[in-house]
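Enquirer: Compact mmCIF, N, CA and C atoms, file start.txt:
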# COMPACT_ATOMS: atom_id res chain seq x y z
N MET Z 18 -5.41 1.47 10.01
CA MET Z 18 -5.94 0.62 8.95
C MET Z 18 -4.77 -0.04 8.23
N ASP Z 19 -4.81 -1.34 8.13
CA ASP Z 19 -3.77 -2.07 7.38
C ASP Z 19 -4.20 -2.17 5.92
N LYS Z 20 -3.83 -1.14 5.19
CA LYS Z 20 -4.28 -0.98 3.79
C LYS Z 20 -3.95 -2.19 2.93
N GLU Z 21 -2.75 -2.72 3.04
CA GLU Z 21 -2.35 -3.85 2.20
C GLU Z 21 -3.16 -5.11 2.53
N TYR Z 22 -3.40 -5.34 3.81
CA TYR Z 22 -4.21 -6.49 4.21
C TYR Z 22 -5.62 -6.36 3.64
N ILE Z 23 -6.21 -5.18 3.79
CA ILE Z 23 -7.58 -4.96 3.32
C ILE Z 23 -7.65 -5.07 1.80
N LYS Z 24 -6.67 -4.51 1.13
CA LYS Z 24 -6.63 -4.61 -0.34
C LYS Z 24 -6.54 -6.08 -0.77
N ASN Z 25 -5.67 -6.83 -0.14
CA ASN Z 25 -5.54 -8.26 -0.47
C ASN Z 25 -6.82 -9.03 -0.15
N GLU Z 26 -7.45 -8.67 0.95
CA GLU Z 26 -8.72 -9.31 1.33
C GLU Z 26 -9.80 -8.99 0.30
N ALA Z 27 -9.87 -7.75 -0.16
CA ALA Z 27 -10.86 -7.36 -1.16
C ALA Z 27 -10.63 -8.12 -2.47
N LEU Z 28 -9.38 -8.22 -2.90
CA LEU Z 28 -9.07 -8.94 -4.14
C LEU Z 28 -9.35 -10.44 -3.99
N LYS Z 29 -9.05 -10.98 -2.84
CA LYS Z 29 -9.34 -12.40 -2.58
C LYS Z 29 -10.84 -12.65 -2.66
N ARG Z 30 -11.62 -11.77 -2.09
CA ARG Z 30 -13.07 -11.90 -2.13
C ARG Z 30 -13.59 -11.82 -3.58
N PHE Z 31 -13.05 -10.87 -4.33
CA PHE Z 31 -13.47 -10.72 -5.73
C PHE Z 31 -13.14 -11.98 -6.53
N ARG Z 32 -11.95 -12.49 -6.35
CA ARG Z 32 -11.53 -13.69 -7.08
C ARG Z 32 -12.32 -14.93 -6.67
N SER Z 33 -12.92 -14.90 -5.48
CA SER Z 33 -13.69 -16.05 -5.02
C SER Z 33 -15.16 -15.98 -5.43
N GLY Z 34 -15.55 -14.88 -6.12
CA GLY Z 34 -16.91 -14.82 -6.64
C GLY Z 34 -17.76 -13.66 -6.15
N PHE Z 35 -17.27 -12.90 -5.20
CA PHE Z 35 -18.02 -11.72 -4.77
C PHE Z 35 -17.91 -10.64 -5.84
N ASN Z 36 -18.92 -9.79 -5.95
CA ASN Z 36 -18.84 -8.71 -6.92
C ASN Z 36 -17.95 -7.59 -6.38
N CYS Z 37 -17.69 -6.58 -7.21
CA CYS Z 37 -16.78 -5.48 -6.83
C CYS Z 37 -17.25 -4.76 -5.57
N SER Z 38 -18.52 -4.47 -5.51
CA SER Z 38 -19.08 -3.74 -4.37
C SER Z 38 -18.95 -4.57 -3.09
N GLN Z 39 -19.33 -5.83 -3.16
CA GLN Z 39 -19.20 -6.71 -2.00
C GLN Z 39 -17.75 -6.82 -1.55
N SER Z 40 -16.86 -6.93 -2.51
CA SER Z 40 -15.44 -7.12 -2.20
C SER Z 40 -14.87 -5.93 -1.45
N VAL Z 41 -15.17 -4.73 -1.92
CA VAL Z 41 -14.67 -3.53 -1.26
C VAL Z 41 -15.31 -3.38 0.12
N LEU Z 42 -16.64 -3.40 0.16
CA LEU Z 42 -17.34 -3.11 1.41
C LEU Z 42 -17.06 -4.16 2.49
N SER Z 43 -17.18 -5.43 2.16
CA SER Z 43 -17.01 -6.46 3.19
C SER Z 43 -15.57 -6.59 3.66
N SER Z 44 -14.60 -6.21 2.83
CA SER Z 44 -13.21 -6.27 3.27
C SER Z 44 -12.92 -5.24 4.36
N LEU Z 45 -13.79 -4.26 4.49
CA LEU Z 45 -13.63 -3.21 5.49
C LEU Z 45 -14.46 -3.46 6.75
N ALA Z 46 -15.04 -4.64 6.87
CA ALA Z 46 -15.92 -4.95 8.00
C ALA Z 46 -15.24 -4.69 9.35
N GLY Z 47 -14.00 -5.12 9.49
CA GLY Z 47 -13.28 -4.91 10.75
C GLY Z 47 -13.06 -3.45 11.05
N GLU Z 48 -12.71 -2.68 10.05
CA GLU Z 48 -12.49 -1.23 10.23
C GLU Z 48 -13.78 -0.51 10.60
N LEU Z 49 -14.89 -0.99 10.04
CA LEU Z 49 -16.18 -0.34 10.25
C LEU Z 49 -16.95 -0.92 11.43
N ASP Z 50 -16.42 -1.99 12.01
CA ASP Z 50 -17.05 -2.68 13.14
C ASP Z 50 -18.48 -3.13 12.79
N VAL Z 51 -18.59 -3.74 11.59
CA VAL Z 51 -19.87 -4.25 11.10
C VAL Z 51 -19.63 -5.68 10.61
N ASP Z 52 -20.60 -6.53 10.78
CA ASP Z 52 -20.50 -7.92 10.36
C ASP Z 52 -20.29 -8.03 8.84
N ALA Z 53 -19.25 -8.74 8.43
CA ALA Z 53 -18.92 -8.89 7.01
C ALA Z 53 -20.06 -9.53 6.24
N SER Z 54 -20.72 -10.50 6.83
CA SER Z 54 -21.83 -11.19 6.17
C SER Z 54 -22.96 -10.21 5.85
N LEU Z 55 -23.25 -9.32 6.77
CA LEU Z 55 -24.28 -8.31 6.53
C LEU Z 55 -23.87 -7.39 5.39
N LEU Z 56 -22.61 -6.99 5.38
CA LEU Z 56 -22.13 -6.10 4.32
C LEU Z 56 -22.17 -6.78 2.96
N GLU Z 57 -21.88 -8.08 2.92
CA GLU Z 57 -21.98 -8.84 1.67
C GLU Z 57 -23.41 -8.85 1.16
N LYS Z 58 -24.35 -9.00 2.07
CA LYS Z 58 -25.76 -9.04 1.68
C LYS Z 58 -26.24 -7.67 1.19
N VAL Z 59 -25.90 -6.62 1.93
CA VAL Z 59 -26.34 -5.27 1.58
C VAL Z 59 -25.82 -4.84 0.22
N SER Z 60 -24.60 -5.24 -0.11
CA SER Z 60 -23.97 -4.79 -1.35
C SER Z 60 -24.11 -5.76 -2.52
N SER Z 61 -24.84 -6.85 -2.31
CA SER Z 61 -24.91 -7.89 -3.35
C SER Z 61 -25.52 -7.42 -4.66
N GLY Z 62 -26.39 -6.45 -4.64
CA GLY Z 62 -27.04 -5.98 -5.87
C GLY Z 62 -26.31 -4.86 -6.59
N PHE Z 63 -25.14 -4.47 -6.07
CA PHE Z 63 -24.47 -3.30 -6.62
C PHE Z 63 -23.33 -3.63 -7.58
N GLY Z 64 -23.09 -4.89 -7.85
CA GLY Z 64 -22.02 -5.28 -8.77
C GLY Z 64 -22.40 -5.01 -10.22
N GLY Z 65 -21.38 -4.95 -11.06
CA GLY Z 65 -21.62 -4.74 -12.48
C GLY Z 65 -22.27 -3.41 -12.77
N GLY Z 66 -21.93 -2.42 -11.96
CA GLY Z 66 -22.50 -1.10 -12.18
C GLY Z 66 -23.94 -1.02 -11.74
N MET Z 67 -24.22 -1.56 -10.57
CA MET Z 67 -25.54 -1.56 -9.94
C MET Z 67 -26.51 -2.47 -10.70
N GLY Z 68 -26.56 -3.70 -10.27
CA GLY Z 68 -27.49 -4.65 -10.87
C GLY Z 68 -27.15 -5.04 -12.29
N HIS Z 69 -25.85 -5.03 -12.62
CA HIS Z 69 -25.38 -5.36 -13.97
C HIS Z 69 -25.91 -4.39 -15.02
N MET Z 70 -26.32 -3.18 -14.58
CA MET Z 70 -26.80 -2.18 -15.54
C MET Z 70 -25.65 -1.31 -16.04
N GLN Z 71 -24.46 -1.57 -15.54
CA GLN Z 71 -23.23 -0.89 -15.94
C GLN Z 71 -23.27 0.62 -15.70
N GLY Z 72 -23.93 1.00 -14.60
CA GLY Z 72 -23.92 2.39 -14.15
C GLY Z 72 -22.69 2.61 -13.28
N THR Z 73 -22.88 3.15 -12.10
CA THR Z 73 -21.75 3.43 -11.21
C THR Z 73 -21.04 2.14 -10.83
N CYS Z 74 -19.73 2.13 -11.00
CA CYS Z 74 -18.87 0.98 -10.71
C CYS Z 74 -19.13 0.44 -9.30
N GLY Z 75 -19.18 -0.87 -9.18
CA GLY Z 75 -19.41 -1.51 -7.89
C GLY Z 75 -18.35 -1.18 -6.86
N ALA Z 76 -17.10 -1.06 -7.27
CA ALA Z 76 -16.05 -0.69 -6.32
C ALA Z 76 -16.32 0.71 -5.76
N VAL Z 77 -16.88 1.56 -6.58
CA VAL Z 77 -17.22 2.92 -6.14
C VAL Z 77 -18.41 2.89 -5.20
N THR Z 78 -19.47 2.17 -5.56
CA THR Z 78 -20.64 2.13 -4.68
C THR Z 78 -20.30 1.47 -3.35
N GLY Z 79 -19.47 0.44 -3.38
CA GLY Z 79 -19.02 -0.18 -2.13
C GLY Z 79 -18.25 0.81 -1.28
N SER Z 80 -17.45 1.63 -1.91
CA SER Z 80 -16.69 2.66 -1.20
C SER Z 80 -17.61 3.72 -0.62
N PHE Z 81 -18.62 4.12 -1.38
CA PHE Z 81 -19.57 5.12 -0.88
C PHE Z 81 -20.31 4.58 0.35
N MET Z 82 -20.69 3.31 0.31
CA MET Z 82 -21.35 2.72 1.48
C MET Z 82 -20.40 2.66 2.67
N ALA Z 83 -19.13 2.35 2.41
CA ALA Z 83 -18.13 2.31 3.49
C ALA Z 83 -17.97 3.69 4.11
N ILE Z 84 -17.91 4.72 3.29
CA ILE Z 84 -17.80 6.09 3.80
C ILE Z 84 -19.01 6.43 4.65
N SER Z 85 -20.19 6.06 4.20
CA SER Z 85 -21.41 6.34 4.96
C SER Z 85 -21.39 5.64 6.31
N LEU Z 86 -20.96 4.40 6.34
CA LEU Z 86 -20.87 3.66 7.60
C LEU Z 86 -19.81 4.28 8.52
N TYR Z 87 -18.71 4.66 7.94
CA TYR Z 87 -17.64 5.30 8.71
C TYR Z 87 -18.14 6.60 9.36
N CYS Z 88 -18.76 7.45 8.57
CA CYS Z 88 -19.28 8.72 9.10
C CYS Z 88 -20.42 8.49 10.07
N GLY Z 89 -21.21 7.46 9.80
CA GLY Z 89 -22.33 7.14 10.67
C GLY Z 89 -21.90 6.72 12.07
N SER Z 90 -20.74 6.10 12.17
CA SER Z 90 -20.26 5.70 13.48
C SER Z 90 -19.38 6.77 14.13
N LYS Z 91 -18.88 7.69 13.33
CA LYS Z 91 -17.99 8.73 13.85
C LYS Z 91 -18.76 9.93 14.40
N TYR Z 92 -19.88 10.26 13.76
CA TYR Z 92 -20.64 11.45 14.14
C TYR Z 92 -22.04 11.06 14.57
N ALA Z 93 -22.45 11.50 15.76
CA ALA Z 93 -23.78 11.17 16.28
C ALA Z 93 -24.85 12.05 15.64
N ASP Z 94 -24.52 13.28 15.35
CA ASP Z 94 -25.46 14.23 14.78
C ASP Z 94 -25.67 13.93 13.30
N ASN Z 95 -26.91 13.74 12.88
CA ASN Z 95 -27.20 13.36 11.50
C ASN Z 95 -26.75 14.41 10.49
N ASP Z 96 -26.92 15.70 10.80
CA ASP Z 96 -26.48 16.73 9.86
C ASP Z 96 -24.97 16.66 9.64
N ARG Z 97 -24.22 16.49 10.72
CA ARG Z 97 -22.76 16.41 10.61
C ARG Z 97 -22.35 15.12 9.88
N ARG Z 98 -23.00 14.03 10.23
CA ARG Z 98 -22.73 12.72 9.61
C ARG Z 98 -22.95 12.80 8.10
N THR Z 99 -24.06 13.38 7.70
CA THR Z 99 -24.40 13.49 6.28
C THR Z 99 -23.45 14.44 5.56
N THR Z 100 -23.18 15.58 6.15
CA THR Z 100 -22.28 16.56 5.54
C THR Z 100 -20.89 15.96 5.33
N GLU Z 101 -20.38 15.29 6.35
CA GLU Z 101 -19.06 14.66 6.24
C GLU Z 101 -19.05 13.55 5.20
N ALA Z 102 -20.11 12.75 5.16
CA ALA Z 102 -20.20 11.68 4.16
C ALA Z 102 -20.20 12.26 2.75
N TYR Z 103 -21.00 13.28 2.52
CA TYR Z 103 -21.04 13.91 1.20
C TYR Z 103 -19.68 14.46 0.81
N SER Z 104 -19.01 15.10 1.74
CA SER Z 104 -17.69 15.66 1.47
C SER Z 104 -16.68 14.58 1.11
N MET Z 105 -16.66 13.50 1.87
CA MET Z 105 -15.73 12.40 1.61
C MET Z 105 -16.05 11.71 0.29
N ILE Z 106 -17.33 11.55 0.00
CA ILE Z 106 -17.74 10.91 -1.25
C ILE Z 106 -17.29 11.75 -2.45
N LYS Z 107 -17.43 13.05 -2.35
CA LYS Z 107 -16.99 13.93 -3.43
C LYS Z 107 -15.47 13.84 -3.62
N LYS Z 108 -14.73 13.77 -2.52
CA LYS Z 108 -13.27 13.62 -2.61
C LYS Z 108 -12.91 12.28 -3.24
N PHE Z 109 -13.60 11.22 -2.80
CA PHE Z 109 -13.36 9.89 -3.37
C PHE Z 109 -13.62 9.93 -4.87
N ASP Z 110 -14.76 10.47 -5.27
CA ASP Z 110 -15.15 10.54 -6.67
C ASP Z 110 -14.08 11.25 -7.50
N ALA Z 111 -13.59 12.37 -7.01
CA ALA Z 111 -12.58 13.13 -7.76
C ALA Z 111 -11.28 12.32 -7.90
N GLU Z 112 -10.86 11.66 -6.83
CA GLU Z 112 -9.62 10.87 -6.90
C GLU Z 112 -9.77 9.67 -7.82
N PHE Z 113 -10.92 9.01 -7.75
CA PHE Z 113 -11.15 7.84 -8.60
C PHE Z 113 -11.16 8.27 -10.07
N LYS Z 114 -11.84 9.38 -10.37
CA LYS Z 114 -11.89 9.88 -11.75
C LYS Z 114 -10.53 10.32 -12.24
N GLU Z 115 -9.70 10.82 -11.35
CA GLU Z 115 -8.35 11.21 -11.73
C GLU Z 115 -7.56 9.98 -12.19
N LEU Z 116 -7.81 8.85 -11.55
CA LEU Z 116 -7.11 7.61 -11.91
C LEU Z 116 -7.73 6.89 -13.11
N HIS Z 117 -9.06 6.94 -13.22
CA HIS Z 117 -9.76 6.11 -14.20
C HIS Z 117 -10.60 6.89 -15.22
N ALA Z 118 -10.68 8.20 -15.07
CA ALA Z 118 -11.42 9.10 -15.96
C ALA Z 118 -12.95 8.97 -15.84
N SER Z 119 -13.44 7.95 -15.17
CA SER Z 119 -14.88 7.74 -15.04
C SER Z 119 -15.16 6.86 -13.83
N THR Z 120 -16.39 6.94 -13.35
CA THR Z 120 -16.86 6.01 -12.31
C THR Z 120 -17.94 5.09 -12.88
N ILE Z 121 -18.14 5.15 -14.18
CA ILE Z 121 -19.20 4.37 -14.83
C ILE Z 121 -18.62 3.03 -15.32
N CYS Z 122 -19.22 1.96 -14.89
CA CYS Z 122 -18.75 0.60 -15.21
C CYS Z 122 -18.58 0.40 -16.71
N LYS Z 123 -19.56 0.81 -17.49
CA LYS Z 123 -19.51 0.60 -18.94
C LYS Z 123 -18.32 1.33 -19.56
N ASP Z 124 -18.02 2.52 -19.07
CA ASP Z 124 -16.85 3.28 -19.56
C ASP Z 124 -15.55 2.58 -19.16
N LEU Z 125 -15.55 1.99 -17.99
CA LEU Z 125 -14.33 1.37 -17.46
C LEU Z 125 -14.01 0.05 -18.14
N ILE Z 126 -15.04 -0.80 -18.33
CA ILE Z 126 -14.75 -2.14 -18.86
C ILE Z 126 -14.94 -2.27 -20.37
N LYS Z 127 -15.68 -1.34 -20.97
CA LYS Z 127 -15.81 -1.23 -22.44
C LYS Z 127 -16.64 -2.32 -23.12
N TYR Z 128 -17.18 -3.27 -22.38
CA TYR Z 128 -17.96 -4.35 -22.98
C TYR Z 128 -19.28 -4.51 -22.24
N GLU Z 129 -20.24 -5.12 -22.91
CA GLU Z 129 -21.54 -5.40 -22.31
C GLU Z 129 -21.42 -6.61 -21.39
N LEU Z 130 -21.80 -6.44 -20.14
CA LEU Z 130 -21.72 -7.54 -19.18
C LEU Z 130 -22.73 -8.64 -19.47
N ASP Z 131 -23.91 -8.27 -19.86
CA ASP Z 131 -24.99 -9.25 -19.97
C ASP Z 131 -25.14 -9.91 -21.33
N SER Z 132 -24.30 -9.55 -22.29
CA SER Z 132 -24.36 -10.27 -23.56
C SER Z 132 -23.31 -11.37 -23.54
N GLU Z 133 -23.62 -12.47 -24.17
CA GLU Z 133 -22.67 -13.59 -24.22
C GLU Z 133 -21.37 -13.17 -24.90
N GLU Z 134 -21.49 -12.43 -26.00
CA GLU Z 134 -20.32 -11.97 -26.73
C GLU Z 134 -19.48 -11.01 -25.88
N GLY Z 135 -20.16 -10.06 -25.21
CA GLY Z 135 -19.45 -9.11 -24.36
C GLY Z 135 -18.75 -9.78 -23.21
N HIS Z 136 -19.43 -10.72 -22.57
CA HIS Z 136 -18.82 -11.43 -21.44
C HIS Z 136 -17.60 -12.22 -21.90
N GLN Z 137 -17.68 -12.83 -23.05
CA GLN Z 137 -16.54 -13.58 -23.57
C GLN Z 137 -15.35 -12.66 -23.84
N LYS Z 138 -15.62 -11.47 -24.35
CA LYS Z 138 -14.55 -10.50 -24.58
C LYS Z 138 -13.92 -10.05 -23.26
N LEU Z 139 -14.77 -9.89 -22.24
CA LEU Z 139 -14.26 -9.54 -20.92
C LEU Z 139 -13.28 -10.60 -20.42
N VAL Z 140 -13.67 -11.85 -20.58
CA VAL Z 140 -12.82 -12.96 -20.14
C VAL Z 140 -11.56 -13.05 -20.99
N ASN Z 141 -11.72 -13.03 -22.31
CA ASN Z 141 -10.58 -13.16 -23.23
C ASN Z 141 -9.55 -12.05 -23.06
N ASN Z 142 -10.02 -10.86 -22.72
CA ASN Z 142 -9.13 -9.71 -22.58
C ASN Z 142 -8.72 -9.43 -21.13
N ASN Z 143 -9.01 -10.38 -20.25
CA ASN Z 143 -8.63 -10.27 -18.83
C ASN Z 143 -9.11 -8.98 -18.19
N VAL Z 144 -10.28 -8.51 -18.57
CA VAL Z 144 -10.80 -7.24 -18.07
C VAL Z 144 -11.06 -7.32 -16.57
N PHE Z 145 -11.55 -8.45 -16.08
CA PHE Z 145 -11.81 -8.57 -14.64
C PHE Z 145 -10.52 -8.37 -13.85
N GLU Z 146 -9.43 -8.93 -14.36
CA GLU Z 146 -8.14 -8.81 -13.67
C GLU Z 146 -7.51 -7.43 -13.89
N LEU Z 147 -7.54 -6.96 -15.13
CA LEU Z 147 -6.84 -5.72 -15.47
C LEU Z 147 -7.59 -4.44 -15.10
N VAL Z 148 -8.91 -4.49 -15.15
CA VAL Z 148 -9.69 -3.29 -14.88
C VAL Z 148 -10.39 -3.38 -13.52
N CYS Z 149 -11.20 -4.41 -13.33
CA CYS Z 149 -11.99 -4.51 -12.10
C CYS Z 149 -11.10 -4.61 -10.86
N GLU Z 150 -10.08 -5.45 -10.92
CA GLU Z 150 -9.19 -5.58 -9.77
C GLU Z 150 -8.45 -4.29 -9.50
N LYS Z 151 -8.10 -3.55 -10.53
CA LYS Z 151 -7.43 -2.26 -10.36
C LYS Z 151 -8.39 -1.26 -9.70
N CYS Z 152 -9.64 -1.27 -10.11
CA CYS Z 152 -10.63 -0.38 -9.50
C CYS Z 152 -10.83 -0.71 -8.02
N ILE Z 153 -10.86 -1.99 -7.71
CA ILE Z 153 -11.00 -2.42 -6.31
C ILE Z 153 -9.79 -1.97 -5.50
N ALA Z 154 -8.61 -2.26 -5.99
CA ALA Z 154 -7.38 -1.89 -5.27
C ALA Z 154 -7.27 -0.37 -5.11
N ASP Z 155 -7.57 0.37 -6.16
CA ASP Z 155 -7.50 1.83 -6.07
C ASP Z 155 -8.54 2.37 -5.10
N SER Z 156 -9.70 1.75 -5.05
CA SER Z 156 -10.74 2.18 -4.11
C SER Z 156 -10.25 2.04 -2.66
N ILE Z 157 -9.60 0.93 -2.37
CA ILE Z 157 -9.07 0.73 -1.02
C ILE Z 157 -7.99 1.76 -0.73
N GLU Z 158 -7.14 2.05 -1.70
CA GLU Z 158 -6.10 3.07 -1.52
C GLU Z 158 -6.72 4.43 -1.19
N ILE Z 159 -7.71 4.82 -1.95
CA ILE Z 159 -8.36 6.11 -1.73
C ILE Z 159 -9.06 6.13 -0.37
N LEU Z 160 -9.80 5.07 -0.07
CA LEU Z 160 -10.49 5.01 1.22
C LEU Z 160 -9.52 5.09 2.39
N SER Z 161 -8.39 4.43 2.28
CA SER Z 161 -7.43 4.44 3.39
C SER Z 161 -6.94 5.86 3.65
N ARG Z 162 -6.75 6.65 2.61
CA ARG Z 162 -6.32 8.04 2.78
C ARG Z 162 -7.46 8.88 3.39
N LEU Z 163 -8.66 8.67 2.94
CA LEU Z 163 -9.78 9.47 3.43
C LEU Z 163 -10.16 9.15 4.87
N ILE Z 164 -10.11 7.88 5.20
CA ILE Z 164 -10.52 7.45 6.55
C ILE Z 164 -9.46 7.79 7.59
N GLU Z 165 -8.21 7.74 7.20
CA GLU Z 165 -7.16 8.08 8.16
C GLU Z 165 -6.92 9.56 8.11
Can I see the file as structure tokens?
Expert:
Amino acid sequence: MDKEYIKNEALKRFRSGFNCSQSVLSSLAGELDVDASLLEKVSSGFGGGMGHMQGTCGAVTGSFMAISLYCGSKYADNDRRTTEAYSMIKKFDAEFKELHASTICKDLIKYELDSEEGHQKLVNNNVFELVCEKCIADSIEILSRLIE
């Protein structure tokens, strides 16, 4: 896995308008041997903490989907596939929380996404660049360690 290429691809996708989840998941299309367009569609509702509800961070949900796809193609037996996916997801979660203290979008970005005032604060304080891009990049870093 070319971690730097994938990280740059994920950030490029985010900067071009894809949400965090789409950016992480679709940047791994080549590694997962899945069509990027399909991954963009599947993950489109998971940005902004799942449907802009500011729950689980989109970079995290995109990573969880990537882990599931990875395990799904690695193990034919469903019990093994599921067990391995759960184990990797728990490891990812622990590493992400070690870096960011939370996997919850609202805790990470500190502002309301859907209010005009909150969105303006996000823009004025460069939260998309300083927080969201860091979460995306860190997610790729963690995934690269787990997958390899």
Enquirer: Need the axis-aligned box for stretch 125-135 of chain Z with 6 Å each side, so what are the centre and edges in Å to one decimal, as AutoDock Vina command-line options?
Expert:
--center_x -19.6 --center_y -5.8 --center_z -22.1 --size_x 23.1 --size_y 27.6 --size_z 21.3
Enquirer: Under the rule that only N, CA and C atoms are counted, which of Z:Ser38, Z:Thr100, Z:Ser33, Z:Asn95 is the nearest residue to Z:Ile153?
Expert: Z:Ser38
Enquirer: Nearest residue to Z:Leu125 out of Z:Gln71, Z:Asn142, Z:Asn25, Z:Ser54, using only C-alpha atoms?
Expert: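 Of all the options, Z:Gln71 lies closest to Z:Leu125.
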Enquirer: Quick one: everything within 10 Å of Z:Arg162, counting only C-alpha atoms, minus sequence neighbours fewer than 5 positions away in the same chain. Send it as a PyMOL selection string.
Expert: chain Z and resi 18+20+109+157
Enquirer: Where in stretch 29-141 of chain Z does DSSP assign alpha helix (DSSP H), given as number ranges by chain?
Expert: Z: 29-32, 37-44, 46-49, 53-59, 75-91, 95-117, 122-126, 133-141
Enquirer: As a ChimeraX atom specification, please: the residues near stretch 46-51 of chain Z (cut-off 8 Å, all atoms listed in the file, same-chain neighbours under 3 positions excluded).
Expert: /Z:18-19,41-43,54-56,83,86-87,90
Enquirer: Could you state the separation of atom CA of Z:Asn141 and atom N of Z:Ala27 in Å, given to one decimal place?
Expert: 23.7 Å
Enquirer: In Å, how far is it from atom CA of Z:Leu28 to atom N of Z:Lys108?
Expert: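 Here the two named atoms are 23.5 Å from each other.
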Enquirer: Restricting the calculation to only N, CA and C atoms: of Z:Ile106, Z:Val144, Z:Ala76, Z:Ile23, which residue gets closest to Z:Asn36?
Expert: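 For Z:Asn36, the nearest of the given residues is Z:Ala76.
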Enquirer: Identify, on the basis of only C-alpha atoms, every residue whose closest approach to Z:Gln39 does not exceed 9 Å; exclude the query and any residue fewer than 3 positions from it along the same chain; express the result as a compact mmCIF listing (two decimals) with N, CA and C atoms, in the coordinates of the input.
Expert:
# COMPACT_ATOMS: atom_id res chain seq x y z
N ALA Z 27 -9.87 -7.75 -0.16
CA ALA Z 27 -10.86 -7.36 -1.16
C ALA Z 27 -10.63 -8.12 -2.47
N ARG Z 30 -11.62 -11.77 -2.09
CA ARG Z 30 -13.07 -11.90 -2.13
C ARG Z 30 -13.59 -11.82 -3.58
N PHE Z 31 -13.05 -10.87 -4.33
CA PHE Z 31 -13.47 -10.72 -5.73
C PHE Z 31 -13.14 -11.98 -6.53
N PHE Z 35 -17.27 -12.90 -5.20
CA PHE Z 35 -18.02 -11.72 -4.77
C PHE Z 35 -17.91 -10.64 -5.84
N ASN Z 36 -18.92 -9.79 -5.95
CA ASN Z 36 -18.84 -8.71 -6.92
C ASN Z 36 -17.95 -7.59 -6.38
N LEU Z 42 -16.64 -3.40 0.16
CA LEU Z 42 -17.34 -3.11 1.41
C LEU Z 42 -17.06 -4.16 2.49
N SER Z 43 -17.18 -5.43 2.16
CA SER Z 43 -17.01 -6.46 3.19
C SER Z 43 -15.57 -6.59 3.66
N SER Z 44 -14.60 -6.21 2.83
CA SER Z 44 -13.21 -6.27 3.27
C SER Z 44 -12.92 -5.24 4.36
N LEU Z 56 -22.61 -6.99 5.38
CA LEU Z 56 -22.13 -6.10 4.32
C LEU Z 56 -22.17 -6.78 2.96
N GLU Z 57 -21.88 -8.08 2.92
CA GLU Z 57 -21.98 -8.84 1.67
C GLU Z 57 -23.41 -8.85 1.16
N LYS Z 58 -24.35 -9.00 2.07
CA LYS Z 58 -25.76 -9.04 1.68
C LYS Z 58 -26.24 -7.67 1.19
N VAL Z 59 -25.90 -6.62 1.93
CA VAL Z 59 -26.34 -5.27 1.58
C VAL Z 59 -25.82 -4.84 0.22
N SER Z 60 -24.60 -5.24 -0.11
CA SER Z 60 -23.97 -4.79 -1.35
C SER Z 60 -24.11 -5.76 -2.52
N SER Z 61 -24.84 -6.85 -2.31
CA SER Z 61 -24.91 -7.89 -3.35
C SER Z 61 -25.52 -7.42 -4.66
N GLY Z 62 -26.39 -6.45 -4.64
CA GLY Z 62 -27.04 -5.98 -5.87
C GLY Z 62 -26.31 -4.86 -6.59
N PHE Z 63 -25.14 -4.47 -6.07
CA PHE Z 63 -24.47 -3.30 -6.62
C PHE Z 63 -23.33 -3.63 -7.58
N GLY Z 64 -23.09 -4.89 -7.85
CA GLY Z 64 -22.02 -5.28 -8.77
C GLY Z 64 -22.40 -5.01 -10.22
N GLY Z 75 -19.18 -0.87 -9.18
CA GLY Z 75 -19.41 -1.51 -7.89
C GLY Z 75 -18.35 -1.18 -6.86
N ALA Z 76 -17.10 -1.06 -7.27
CA ALA Z 76 -16.05 -0.69 -6.32
C ALA Z 76 -16.32 0.71 -5.76
N GLY Z 79 -19.47 0.44 -3.38
CA GLY Z 79 -19.02 -0.18 -2.13
C GLY Z 79 -18.25 0.81 -1.28
Enquirer: Rounded to one decimal place, report the atom CA of Z:Ile84-atom CA of Z:Ser156 distance in Å.
Expert: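 Value for the atom CA of Z:Ile84-atom CA of Z:Ser156 distance: 11.3 Å.
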Enquirer: From the list Z:Asp155, Z:Asp110, Z:Asp131, Z:Asp52, which residue is nearest Z:Met70 when using all atoms listed in the file?
Expert: Z:Asp131
Enquirer: From the options Z:Gln137, Z:Cys88, Z:Glu112, Z:Asp124, which residue's atoms come nearest to Z:Ile159, counting all atoms listed in the file?
Expert: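 Looking only at the distances to Z:Ile159, the closest residue turns out to be Z:Glu112.
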Enquirer: Taking only C-alpha atoms into account, name the residue in Z:Ser161, Z:Asn143, Z:Ser119, Z:Ser85 that is nearest to Z:Arg97.
Expert: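 When distances to Z:Arg97 are compared using only C-alpha atoms, the smallest one comes from Z:Ser85.
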